[in-house]
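Chemist: Please read through the structure below; I'll follow up with questions.
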Amino acid sequence: MMDWSKYTITRCNDEQTLRSRSFHLEKWGVRSHGYTPEQYYRKFEVMDEEEWAVNDGIVHWALVPRSETSTLDLLSHVETWRRKSLIKRPGQTAPEEVVSYGIAYVYTPEKHQGHGYGRHLLQLLHYILAPLPTLPSFPTTWGDQPSLEGFNDAAFSFLFSGVGDKFYASCRRGEGDDSLVGWVPIPLTNRHWDLSKVAQEAQETHEADQTGWKWLTVEDLTAVEEEAIEDMKLELGKDTSDRIQLAISPEQGCFRQHALRNTLTPSGIANPSPPRHYGLSLPPDPHTNKRPYIIYTFPESATETQALRICYISHPFPWSAVVAAAKKENCTLIRCWGPRAGWDDHGAELKPSGGVPGLAVYGHNEEECDWRWLEL
């Protein structure tokens, strides 16, 4: 049995951060998406310098021997993204602003796989992110409890699993009878539309009158965020259910983040000119004076079938305009997570999500919570 008291979680220094990315370069960069090493490292360098990375917005963590916390021989490593978020509890008339963390790039180098290092790293991570009163007592068999100023403030944390729904659930908070599930899997259905099967009248819309349409560039997306935040708060405030409502707020360049990342992928690099668009805004609705819009991005790989991946929808947004966007961007598929799109009648193929969302709510039971707008 592994003696976990000999290991701890550490915040990576610059050398450890670079080493962590070298470990998953080949699997997640070169083989999966066709990056060159230079492109892969450049993507991280650019993203690390943006507004969402400041004030511990992006932090890298590693499991290391307690006696060698500065080692470059990382046993397992992970990245966290601090996100401004919203929570509305039953009986409240407006949501509260809180902090959440996205969990990404969980990786154990091949020579260290099979020993439980990745699971234990994530178990320790709960005790870095969550308010300690919301967690079971720290197990004495794990040694001294990690502590780092500026954290322990998460209302919830979340991830998208590419390894099914069991591993991250097994990264439990604490151990023994009073332990809690790590990240609870959230069932999710993907919507796929194949444009070759879409009704002809919808396909012809891209040639129709598009007066007042605005195609959004990377830099246009920041201006859309403020309206989206207010719309989210209003919609959450209207909820009268007995369930807790959670949402990630599209602040700190959230919309722009998806688009900028895509420009740094092999897919984005292969389409440098004219610059891609990452959203479409339509003329104002006469009843609300608000412009309906969608935000979208594209696959990472330049060789993958090009799909319009919808990240956010401001309704009412007509299906015909979605098709027009896909045609303009030379996409043959349209994809959207969850049921919010409202376009199922237009030939949607419902498929299980390839990435299983996982949610850990600190101080509440996940079964009593609804994660809204999880496509963000």
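Residue names in the structure tokens use chain letters A, B, ... in the order shown, residue numbers from 1 in each chain, and ligand numbers from 1 in the order shown.
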Report as CSV: every residue of region 312-341 of chain A with an atom at most 9 Å from region 288-304 of chain A, its closest pair of atoms, and their distance in Å to one decimal, counting only C-alpha atoms, with rows sorted by chain and ascending residue number.

Modeler:
residue,atom,partner,partner_atom,distance
A:Tyr312,CA,A:Ile295,CA,5.1
A:Ile313,CA,A:Ile294,CA,4.6
A:Ser314,CA,A:Tyr293,CA,5.2
A:His315,CA,A:Pro292,CA,5.7
A:Pro316,CA,A:Pro292,CA,6.0
A:Phe317,CA,A:Pro292,CA,5.6
A:Pro318,CA,A:Pro292,CA,8.8
A:Val322,CA,A:Ile294,CA,8.2
A:Cys331,CA,A:Phe298,CA,8.8

Chemist: Using only C-alpha atoms, please write the residues we just selected to a file, as a JSON list (two decimals), in the first residue's frame.

Modeler:
[["chain", "number", "residue", "atom", "x", "y", "z"],
["A", 312, "TYR", "CA", -23.26, 30.35, -26.14],
["A", 313, "ILE", "CA", -26.70, 31.26, -27.46],
["A", 314, "SER", "CA", -28.66, 34.43, -26.82],
["A", 315, "HIS", "CA", -32.22, 33.59, -27.79],
["A", 316, "PRO", "CA", -34.30, 33.93, -29.83],
["A", 317, "PHE", "CA", -31.75, 32.91, -32.45],
["A", 318, "PRO", "CA", -33.20, 31.42, -35.64],
["A", 322, "VAL", "CA", -27.06, 29.11, -37.57],
["A", 331, "CYS", "CA", -18.28, 23.87, -41.82]]

Chemist: Sorted by chain and rising residue number, which residues of region 103-134 of chain A lie within 9 Å of region 56-67 of chain A, and what are their closest atom pairs and distances in Å to one decimal, counting only C-alpha atoms, as JSON lines?

Modeler:
{"residue": "A:Tyr117", "atom": "CA", "partner": "A:Leu63", "partner_atom": "CA", "distance": 7.1}
{"residue": "A:Gly118", "atom": "CA", "partner": "A:Leu63", "partner_atom": "CA", "distance": 7.9}
{"residue": "A:His120", "atom": "CA", "partner": "A:Leu63", "partner_atom": "CA", "distance": 8.0}
{"residue": "A:Leu121", "atom": "CA", "partner": "A:Leu63", "partner_atom": "CA", "distance": 5.5}
{"residue": "A:Leu124", "atom": "CA", "partner": "A:Leu63", "partner_atom": "CA", "distance": 8.9}
{"residue": "A:Leu125", "atom": "CA", "partner": "A:Trp61", "partner_atom": "CA", "distance": 8.4}

Chemist: With C-alpha atoms retained, could you export that selection as a short mmCIF file (atom, residue, chain, number, x, y, z; two decimals), in the first residue's frame?

Modeler:
data_model
loop_
_atom_site.label_atom_id
_atom_site.label_comp_id
_atom_site.auth_asym_id
_atom_site.auth_seq_id
_atom_site.Cartn_x
_atom_site.Cartn_y
_atom_site.Cartn_z
CA TYR A 117 -0.63 9.47 -8.31
CA GLY A 118 -3.19 11.28 -10.44
CA HIS A 120 -4.22 11.40 -5.04
CA LEU A 121 -3.17 14.72 -6.60
CA LEU A 124 -5.35 16.90 -2.36
CA LEU A 125 -6.53 19.57 -4.78
#

Chemist: Any idea what the distance is between CA of Leu280 (chain A) and CA of Pro266 (chain A)?

Modeler: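 For CA of Leu280 (chain A) relative to CA of Pro266 (chain A), the distance reads 23.0 Å.
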
Chemist: Using backbone DSSP assignments, extract all strand (DSSP E) residues from region 276-376 of chain A; output them as a ChimeraX atom specification.

Modeler: /A:279-281,293-297,307-314,333-337,349-352,356-361,369-372

Chemist: Take CA of Asp165 (chain A) and CA of Glu368 (chain A) and report the distance between them in Å, one decimal.

Modeler: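 Between CA of Asp165 (chain A) and CA of Glu368 (chain A) the gap works out to 18.9 Å.
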
Chemist: Please compute the CA of Leu264 (chain A)-CA of Gln39 (chain A) distance, one decimal, in Å.

Modeler: 7.2 Å

Chemist: Can you build me a table of region 33-140 of chain A residues sitting at most 9 Å from region 242-246 of chain A, with the closest atom pair per residue and its distance in Å to one decimal, using only C-alpha atoms, sorted by chain and residue number, as a tab-separated table?

Modeler:
residue	atom	partner	partner_atom	distance
A:Ser85	CA	A:Leu246	CA	7.6
A:Leu86	CA	A:Leu246	CA	5.8
A:Ile87	CA	A:Leu246	CA	4.7
A:Lys88	CA	A:Gln245	CA	5.0
A:Arg89	CA	A:Ile244	CA	4.7
A:Pro90	CA	A:Asp242	CA	5.1
A:Gly91	CA	A:Asp242	CA	7.9
A:Pro95	CA	A:Gln245	CA	8.3

Chemist: Write out as a PyMOL selection string the set of residues from region 67-305 of chain A that DSSP, computed on the backbone, places in helix (DSSP H, G or I).

Modeler: chain A and resi 110-112+117-129+132-134+140-142+168-170+195-197+200-207+221-237+254-263+266-269

Chemist: Please list as a short mmCIF file (atom, residue, chain, number, x, y, z; two decimals) with C-alpha atoms, in the first residue's frame every residue within 10 Å of Glu251 (chain A), counting only C-alpha atoms and excluding residues in the same chain fewer than 2 positions away.

Modeler:
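Saved the output as result-v5.cif:
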data_model
loop_
_atom_site.label_atom_id
_atom_site.label_comp_id
_atom_site.auth_asym_id
_atom_site.auth_seq_id
_atom_site.Cartn_x
_atom_site.Cartn_y
_atom_site.Cartn_z
CA GLU A 51 -6.50 38.82 -18.49
CA TRP A 52 -7.96 35.48 -17.40
CA ARG A 83 -13.61 31.58 -12.85
CA LYS A 84 -16.05 34.20 -11.63
CA SER A 85 -19.35 32.38 -11.16
CA THR A 222 -15.41 41.22 -25.19
CA GLU A 225 -19.82 39.64 -22.34
CA GLU A 226 -21.41 42.38 -20.24
CA ALA A 228 -24.49 38.06 -21.38
CA ILE A 229 -23.66 38.47 -17.68
CA ILE A 248 -19.94 30.17 -14.79
CA SER A 249 -20.06 33.88 -15.56
CA GLY A 253 -12.63 37.55 -21.53
CA CYS A 254 -14.46 34.21 -21.35
CA PHE A 255 -15.92 34.46 -24.87
CA ARG A 256 -12.69 35.83 -26.30
#

Chemist: Find the spatial neighbours of region 332-334 of chain A, counting only C-alpha atoms, within a cut-off of 7 Å - ignore same-chain residues fewer than 4 positions away - and output them as a PDB file with N, CA and C atoms, in the first residue's frame.

Modeler:
ATOM      1  N   HIS A 192     -25.874  17.134 -32.746  1.00  0.00           N
ATOM      2  CA  HIS A 192     -25.096  17.207 -33.981  1.00  0.00           C
ATOM      3  C   HIS A 192     -26.053  17.405 -35.149  1.00  0.00           C
ATOM      4  N   TRP A 193     -25.684  18.301 -36.053  1.00  0.00           N
ATOM      5  CA  TRP A 193     -26.440  18.477 -37.292  1.00  0.00           C
ATOM      6  C   TRP A 193     -25.483  18.338 -38.466  1.00  0.00           C
ATOM      7  N   ASP A 194     -25.791  17.445 -39.364  1.00  0.00           N
ATOM      8  CA  ASP A 194     -25.022  17.245 -40.586  1.00  0.00           C
ATOM      9  C   ASP A 194     -25.665  18.103 -41.670  1.00  0.00           C
ATOM     10  N   LEU A 195     -24.919  19.080 -42.183  1.00  0.00           N
ATOM     11  CA  LEU A 195     -25.509  20.020 -43.140  1.00  0.00           C
ATOM     12  C   LEU A 195     -25.978  19.342 -44.422  1.00  0.00           C
ATOM     13  N   GLN A 306     -14.526  19.925 -40.217  1.00  0.00           N
ATOM     14  CA  GLN A 306     -14.750  21.238 -39.619  1.00  0.00           C
ATOM     15  C   GLN A 306     -16.209  21.389 -39.169  1.00  0.00           C
ATOM     16  N   ALA A 307     -16.348  21.692 -37.891  1.00  0.00           N
ATOM     17  CA  ALA A 307     -17.669  21.817 -37.283  1.00  0.00           C
ATOM     18  C   ALA A 307     -17.795  23.172 -36.606  1.00  0.00           C
ATOM     19  N   LEU A 308     -18.990  23.732 -36.669  1.00  0.00           N
ATOM     20  CA  LEU A 308     -19.308  24.947 -35.929  1.00  0.00           C
ATOM     21  C   LEU A 308     -19.704  24.516 -34.522  1.00  0.00           C
ATOM     22  N   ARG A 309     -18.844  24.784 -33.543  1.00  0.00           N
ATOM     23  CA  ARG A 309     -19.096  24.373 -32.161  1.00  0.00           C
ATOM     24  C   ARG A 309     -19.666  25.562 -31.391  1.00  0.00           C
ATOM     25  N   ALA A 326     -22.640  28.415 -40.374  1.00  0.00           N
ATOM     26  CA  ALA A 326     -21.870  27.219 -40.705  1.00  0.00           C
ATOM     27  C   ALA A 326     -21.396  27.249 -42.155  1.00  0.00           C
TER      28      ALA A 326
END
